[in-house]
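S.K.: Let me give you the structure first, and then I'll get to my questions.
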Amino acid sequence: MRDQYQVQLAGLGDALADMCLEVATAVERATRALLEADLQLAEQVITGDLRIDDLRRDAEARAFGLLALQSPVATDLRVVIAAIHSAGDIERMGDLALHVARAARRRHPHPVLPDEVRGYFAEMGTIAAALARKAATVLRTRDVDAAASLEADDDAMDDLHRHIFSVLMAPGWSHGVGPAVDITLLGRFYERYADHAVTVARRVVYVVTGRMPGPLAV
Amino acid sequence: MAPPALPQLLDQLSDLLARMCTEAATSLRGATTGLLEGRLRLAEKVAGDDGMMRSLRGDVERVATDALLFHAPVAGDLRRVLAAVRSSDDLERMGVLARHIAETAVRRDGVGAVPEPVRPAFAEMGRVGAALAHKAAEVVRTRNVLLAIELDRDDDAMDVLHQRMYEVLMDPSWPHGVAVAVDVALLSRYYERFADHAVLIAEETVAEVTGQHSHDLADLMGVDLTALLDGADPA
């Protein structure tokens, strides 16, 4: 019975980790769709989001089953409650990737991004996907040191986000208000995506150590 | 000391969530007034004060943990505990979004963040957002499914306001420059997200009461709600 229980608990962590890998792919594809005005790729992300929602439902069903049938206590109970919070965060990461894909689709066949910010978004996409993959590893291994490494990536994301703002506000900005608004919102989507990944990792640290390494809602 | 009985803990959870809703509504109203009327001190107060929200959220987590630990609830009761856990995430986020609005007011020194032509729209967003949060309080307190569905419909007004704001910004004749447009775009987004979270709370409540999950509460209008509710676990 207990063995079965440990298997179920590990299965819950794996389900969340799989969700993370799924949203990592989603943000990668959405970024490529954005940079290359690739409509097909954007559509893939948009339809793929339904699968991410299903995965959340599945993770929640696992958590529900564990609580109903096994009545975990102490750390295990913290793990399950954390999993319920984190499933929400990861689903939201998928939604944010979806927003990026929709922006790419809305402007198709025109590129959304002027040349001077393309590089920033390419990098934000790379960091976002890396954060989601690291969060997956942290969920599987409960490695507190690995969790700390997400913070540095998140700082890099914040720096990029700030740089983009300074480009938009510079007197030399020649693309007008419309693209600036799109870019502002897109930048925000990436920043929020990263925040959610960091929150997921922080929650694992909390479960393992009993202490939260920073504010939960960044 | 013996832990409280499960029904008591469940009531506490509803009460805590309702208080978080009211807190979110108050923050949003303060932030909006700070933003539109240049009330800098009010904006600073909203921007700097998340103590109540954090403490209520901590209470939800503790009461939910107690309920799970001491009573090992199943079925409808378990759903109710988990819905509270999830909704407290949404509510905390609503508080953060209200603070972002207040921070913008502070950063812009209380004036100039919002140019004249779009001020009425923001006033309306503030009203709609606060009303949604108050209705969410009512929904979590009464667990009234019909009220939850009504809340979902009320949110359409926010979506329309947000969409119009975007169109105004995309109009090539926008005369207020990029910096103001960027602020307006983000502000509008904060209000829209605030409302989205209120809708998510309503959805959580419907899912918890009926055992049916629907990402679009309007879907539920097509089904026989009475049958659905009869089939739900006795609360």
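Following the order of the structure tokens, chains are lettered A, B, ..., residues in each are numbered from 1, and ligands are numbered from 1.
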Could the residues of chain A within 10 Å of chain B, counting only C-alpha atoms, be given as a PyMOL selection string, please?
M.R.: chain A and resi 53+57+60+63-65+67-74+77-78+81-82+84-89+165+168-171+173+175-185+188+216-218
S.K.: Which residues come within 6 Å of region 137-150 of chain B, counting only C-alpha atoms, excluding same-chain residues fewer than 6 positions away, as a count of residues only?
M.R.: 6
S.K.: Contacts of region 115-131 of chain B at 6 Å or less, counting only C-alpha atoms, minus same-chain residues fewer than 5 places along, as a list in words?
M.R.: Ala25, Thr32 and Ala195 of chain B
S.K.: Using N, CA and C atoms, can you export the residues from the last selection as a short mmCIF file (atom, residue, chain, number, x, y, z; two decimals), in the first residue's frame?
M.R.:
```cif
data_model
loop_
_atom_site.label_atom_id
_atom_site.label_comp_id
_atom_site.auth_asym_id
_atom_site.auth_seq_id
_atom_site.Cartn_x
_atom_site.Cartn_y
_atom_site.Cartn_z
N ALA B 25 -11.28 44.12 -3.93
CA ALA B 25 -12.15 45.18 -4.44
C ALA B 25 -11.73 46.54 -3.88
N THR B 32 -7.65 52.83 -8.47
CA THR B 32 -8.30 53.55 -9.57
C THR B 32 -8.48 55.03 -9.20
N ALA B 195 -10.17 41.05 -13.60
CA ALA B 195 -11.51 40.51 -13.85
C ALA B 195 -11.45 39.02 -14.19
#
```
S.K.: Would you compute the distance between CA of Ala24 (chain A) and CA of Leu66 (chain A)? Give it in Å to one decimal.
M.R.: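 Interatomic distance, CA of Ala24 (chain A) to CA of Leu66 (chain A): 26.9 Å.
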S.K.: To one decimal place, how far is CA of Ala194 (chain A) from CA of Leu139 (chain A) in Å?
M.R.: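 Computed distance, CA of Ala194 (chain A) to CA of Leu139 (chain A), equals 15.7 Å.
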S.K.: As an exercise, work out the distance from CA of Ala24 (chain B) to CA of Met94 (chain B) in Å and give it to one decimal place.
M.R.: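 CA of Met94 (chain B) lies 6.0 Å from CA of Ala24 (chain B).
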S.K.: If we count only C-alpha atoms and set the cut-off at 8 Å, which residues sit around Leu12 (chain A), ignoring sequence neighbours fewer than 3 positions away in its own chain? Please answer as a list in words.
M.R.: Gln8, Leu9, Ala15, Leu16, Ala59, Arg62, Ala63, Val80 and Ala83 of chain A
S.K.: For a quick check of understanding, using only C-alpha atoms, which of A:Leu186, A:Thr31, A:Arg211, A:Gln40 has the smallest distance to Pro109 (chain A)?
M.R.: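 Ranked by minimum distance to Pro109 (chain A), first place goes to A:Gln40.
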S.K.: Given only C-alpha atoms as the basis, pick out the residue of A:Ala128, A:Ala61, A:Val167, A:Leu150 nearest to Val27 (chain A).
M.R.: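 Smallest distance to Val27 (chain A) is found for A:Ala128.
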S.K.: Counting only C-alpha atoms, which of A:Glu43, A:Asp58, A:Asp3, A:Asp155 gets nearest to Met19 (chain A)?
M.R.: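 Distance minimum relative to Met19 (chain A) lands on A:Asp58.
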S.K.: Could you give me, as JSON, numbers by chain, the residues within 9 Å of Ala42 (chain A), counting only C-alpha atoms and dropping anything in the same chain fewer than 2 positions from it?
M.R.: {"A": [29, 30, 31, 32, 33, 34, 37, 38, 39, 40, 44, 45, 46, 47, 98, 100, 101, 102, 103, 104, 105]}
S.K.: Which residues, written as a PyMOL selection string, have at least one atom at most 8 Å from Met53 (chain B), with only C-alpha atoms counted and residues fewer than 5 positions away on the same chain left out?
M.R.: chain B and resi 20+23+92+95
S.K.: Please dump the current selection as a CSV table (one decimal), in the first residue's frame; keep N, CA and C atoms.
M.R.:
```csv
chain,number,residue,atom,x,y,z
B,20,MET,N,-10.9,38.0,1.3
B,20,MET,CA,-9.9,38.4,0.3
B,20,MET,C,-10.5,39.1,-0.9
B,23,GLU,N,-11.2,42.6,0.1
B,23,GLU,CA,-9.9,43.3,0.1
B,23,GLU,C,-9.4,43.7,-1.3
B,92,GLU,N,-4.9,36.4,-4.5
B,92,GLU,CA,-3.6,37.0,-4.2
B,92,GLU,C,-3.2,37.8,-5.4
B,95,GLY,N,-4.9,41.1,-5.9
B,95,GLY,CA,-4.3,42.1,-5.0
B,95,GLY,C,-3.0,42.6,-5.7
```
